[in-house]
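Comments concern the structure below.
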Amino acid sequence: MLLLLPSPLMAQSASPQTSTPPGTTGEAVVVTARPQASEREVRDQIIGVTGRPTSAMPLMRFRAPVCIGTAGLPVSASEEILRRMMATVQSLGMKMAPDGCTPNILVLFADDPQEQLMALRQRSPQIFGDLSRPAVSRIVKGAGPVYAWNAAMRVSRDGDLVLQQDSPTANWPEMKVGAASRLLSPIRQDIAASVVVIKRQALLNKTLGQIADYAVMRTMAATKPVEGMTSATILTLFDTDAAAPAELTAFDRGLLNGLYDSRPHAQRGQQVSEMTRAIREETVRK
């Protein structure tokens, strides 16, 4: 898979040296203040970036130690992106896998990511995890310049793999749980792997810190950019009509902190409530 990229994969190593990839700048981005969103607006925006639920299925998050790999930029730039991403992941209380691990987060850069994704679809379809064929087609045929997805692994409350029923009319997979409760979800959605592929030309005027923070938001949670955001978010980094923030915002930090601070078996609505609380606390603190 990675042979399609012009530079070798770098995983789980980072030095303090900072460098800027071609076409980027190290200058800070000035962002004007936005009005503080109400609690209802925050909830709506969380649902917007995480996807409107069609069921009570919990939102995805990592449970296993995280291993980050990146390719497609100079080594010094890759090291700085890795260092910053690893710091954010650890701030969420997640463990990093040791050096030499197999990446479950890939951040890739390419001149023509769509062409490479189409090749990956043919040569290494497993990189798309459990995504359906229509979902993979939507990703590959997207407008870019960013292509991102999260592969989920559904497990029971106790961490056992869930077995899908053979019946075509079954809505829920089969599982074994120690106890049933309407307050706790019987299923978890653990992120097995996250991938972000960014067109190199789109890095113009972006700092390494912005790129790393954007990648964290797309990989540590199943998020996507949306239009009309009242709250500032790094998810607008590649939006040509928005002034991108210089780093993770109160909304971004609160969303990630709330998701990873929520109870292991929390239902989707409980996760959203926890994220809403965390975002409002981050906003006041800032």
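Just so we're on the same page: first chain in the structure tokens is A, next is B, and so on; residues restart at 1 for each chain, and ligands are numbered from 1 in the order they show up.
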Next item on the list: Taking the chain letters and numbering used in this document, name the residues of stretch 36-276 of chain A that DSSP puts in helix (DSSP H, G or I), as a VMD selection string.
Entry: chain A and resid 39 to 50 75 to 91 113 to 123 125 to 128 133 to 140 200 to 203 208 to 219 234 to 236 250 to 261 268 to 276
Restricted to C-alpha atoms, what would the selected residues look like written as a short mmCIF file (atom, residue, chain, number, x, y, z; two decimals), in the first residue's frame?
data_model
loop_
_atom_site.label_atom_id
_atom_site.label_comp_id
_atom_site.auth_asym_id
_atom_site.auth_seq_id
_atom_site.Cartn_x
_atom_site.Cartn_y
_atom_site.Cartn_z
CA GLU A 39 -25.89 24.78 24.49
CA ARG A 40 -28.43 23.82 21.83
CA GLU A 41 -26.18 25.14 19.07
CA VAL A 42 -23.20 23.22 20.47
CA ARG A 43 -25.21 19.98 20.51
CA ASP A 44 -26.37 20.57 16.95
CA GLN A 45 -22.81 21.23 15.81
CA ILE A 46 -21.54 18.06 17.52
CA ILE A 47 -24.21 16.07 15.72
CA GLY A 48 -23.27 17.85 12.51
CA VAL A 49 -19.58 16.92 12.59
CA THR A 50 -20.10 13.40 13.99
CA VAL A 75 11.29 13.40 7.43
CA SER A 76 11.66 16.53 9.58
CA ALA A 77 8.11 17.63 8.80
CA SER A 78 6.75 14.13 9.46
CA GLU A 79 8.52 14.03 12.82
CA GLU A 80 6.95 17.31 13.90
CA ILE A 81 3.47 16.15 12.87
CA LEU A 82 3.96 12.88 14.74
CA ARG A 83 5.22 14.65 17.87
CA ARG A 84 2.25 16.98 18.03
CA MET A 85 -0.32 14.28 17.29
CA MET A 86 1.17 11.97 19.92
CA ALA A 87 1.02 14.74 22.53
CA THR A 88 -2.68 15.31 21.83
CA VAL A 89 -3.49 11.60 21.89
CA GLN A 90 -1.77 11.22 25.26
CA SER A 91 -3.62 14.25 26.63
CA PRO A 113 -4.62 11.22 -3.67
CA GLN A 114 -7.73 10.26 -5.61
CA GLU A 115 -5.75 8.29 -8.16
CA GLN A 116 -3.86 6.52 -5.40
CA LEU A 117 -7.06 5.76 -3.49
CA MET A 118 -8.55 4.17 -6.58
CA ALA A 119 -5.44 2.01 -6.84
CA LEU A 120 -5.66 1.12 -3.15
CA ARG A 121 -9.27 0.13 -3.61
CA GLN A 122 -8.15 -2.46 -6.15
CA ARG A 123 -4.92 -3.64 -4.52
CA PRO A 125 -9.38 -3.15 -0.13
CA GLN A 126 -8.81 -4.17 3.49
CA ILE A 127 -7.59 -0.65 4.25
CA PHE A 128 -11.23 0.45 4.17
CA ARG A 133 -18.86 -0.62 -1.15
CA PRO A 134 -21.09 2.46 -1.60
CA ALA A 135 -19.32 4.17 1.32
CA VAL A 136 -15.91 3.40 -0.17
CA SER A 137 -17.06 4.75 -3.54
CA ARG A 138 -18.17 8.00 -1.91
CA ILE A 139 -14.77 8.38 -0.28
CA VAL A 140 -12.76 7.61 -3.41
CA ARG A 200 0.05 18.10 -1.01
CA GLN A 201 -0.93 21.20 -2.97
CA ALA A 202 -3.61 21.92 -0.34
CA LEU A 203 -0.88 22.38 2.31
CA LEU A 208 2.62 21.84 10.61
CA GLY A 209 0.70 22.39 13.83
CA GLN A 210 -2.53 22.99 11.93
CA ILE A 211 -1.99 19.89 9.80
CA ALA A 212 -1.31 17.73 12.86
CA ASP A 213 -4.33 19.06 14.77
CA TYR A 214 -6.61 18.56 11.77
CA ALA A 215 -5.39 14.98 11.42
CA VAL A 216 -6.08 14.31 15.11
CA MET A 217 -9.66 15.54 14.75
CA ARG A 218 -10.27 13.30 11.72
CA THR A 219 -8.65 10.18 13.19
CA ILE A 234 -9.77 23.16 12.98
CA LEU A 235 -12.06 21.09 10.75
CA THR A 236 -12.39 24.22 8.57
CA ALA A 250 -12.26 24.98 22.48
CA PHE A 251 -14.85 23.13 20.39
CA ASP A 252 -12.27 20.65 19.13
CA ARG A 253 -10.64 19.99 22.51
CA GLY A 254 -14.01 19.70 24.22
CA LEU A 255 -15.34 17.27 21.63
CA LEU A 256 -12.33 14.97 21.96
CA ASN A 257 -12.09 15.26 25.75
CA GLY A 258 -15.82 14.67 26.18
CA LEU A 259 -15.75 11.62 23.92
CA TYR A 260 -12.77 10.04 25.66
CA ASP A 261 -13.94 10.98 29.16
CA ARG A 268 -24.66 8.01 21.87
CA GLY A 269 -26.87 10.61 23.53
CA GLN A 270 -24.82 10.40 26.72
CA GLN A 271 -21.63 10.87 24.73
CA VAL A 272 -23.04 13.97 23.03
CA SER A 273 -24.08 15.40 26.39
CA GLU A 274 -20.58 14.82 27.78
CA MET A 275 -19.01 16.46 24.75
CA THR A 276 -21.38 19.44 25.03
#
Next item on the list: Choose the residue, out of A:Gly93, A:Pro225, A:Pro145, A:Pro245, that has the smallest atom-to-atom separation from A:Lys199; count only C-alpha atoms.
Entry: A:Pro145
Check: Smallest atom-to-atom distance to A:Gly72: which of A:Asn150, A:Ala110, A:Ser38, A:Arg188, using only C-alpha atoms?
Finding: A:Ala110
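If you look at atom CA of A:Pro65 and atom CA of A:Met220, they are 11.6 Å away from each other.
Nearest residue to A:Ala151, choosing from A:Pro264, A:Gly51, A:Gly129, A:Pro103 and counting only C-alpha atoms: A:Gly129.
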Note to self: Neighbouring residues of A:Met60 were defined as those with any atom within 8 Å, considering only C-alpha atoms; residues of the same chain fewer than 4 positions away were excluded. Please report them as a PyMOL selection string.
What the structure shows: chain A and resi 152+188-191+221-222
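The coordinates place atom CA of A:Cys101 at 7.5 Å from atom CA of A:Ala11.
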Next item on the list: Identify which of the residues A:Met96, A:Asn205, A:Ile279, A:Ala192 lies closest to A:Thr233, counting only C-alpha atoms when measuring atom-to-atom distances.
Entry: A:Ile279
Item checked: Using only C-alpha atoms: which of A:Leu106, A:Asp99, A:Asp111, A:Thr54 has the shortest distance to A:Ala14 -> A:Asp99
Note to self: Please report the interatomic distance between atom CA of A:Thr230 and atom CA of A:Thr207 in Å with one decimal.
What the structure shows: 23.2 Å
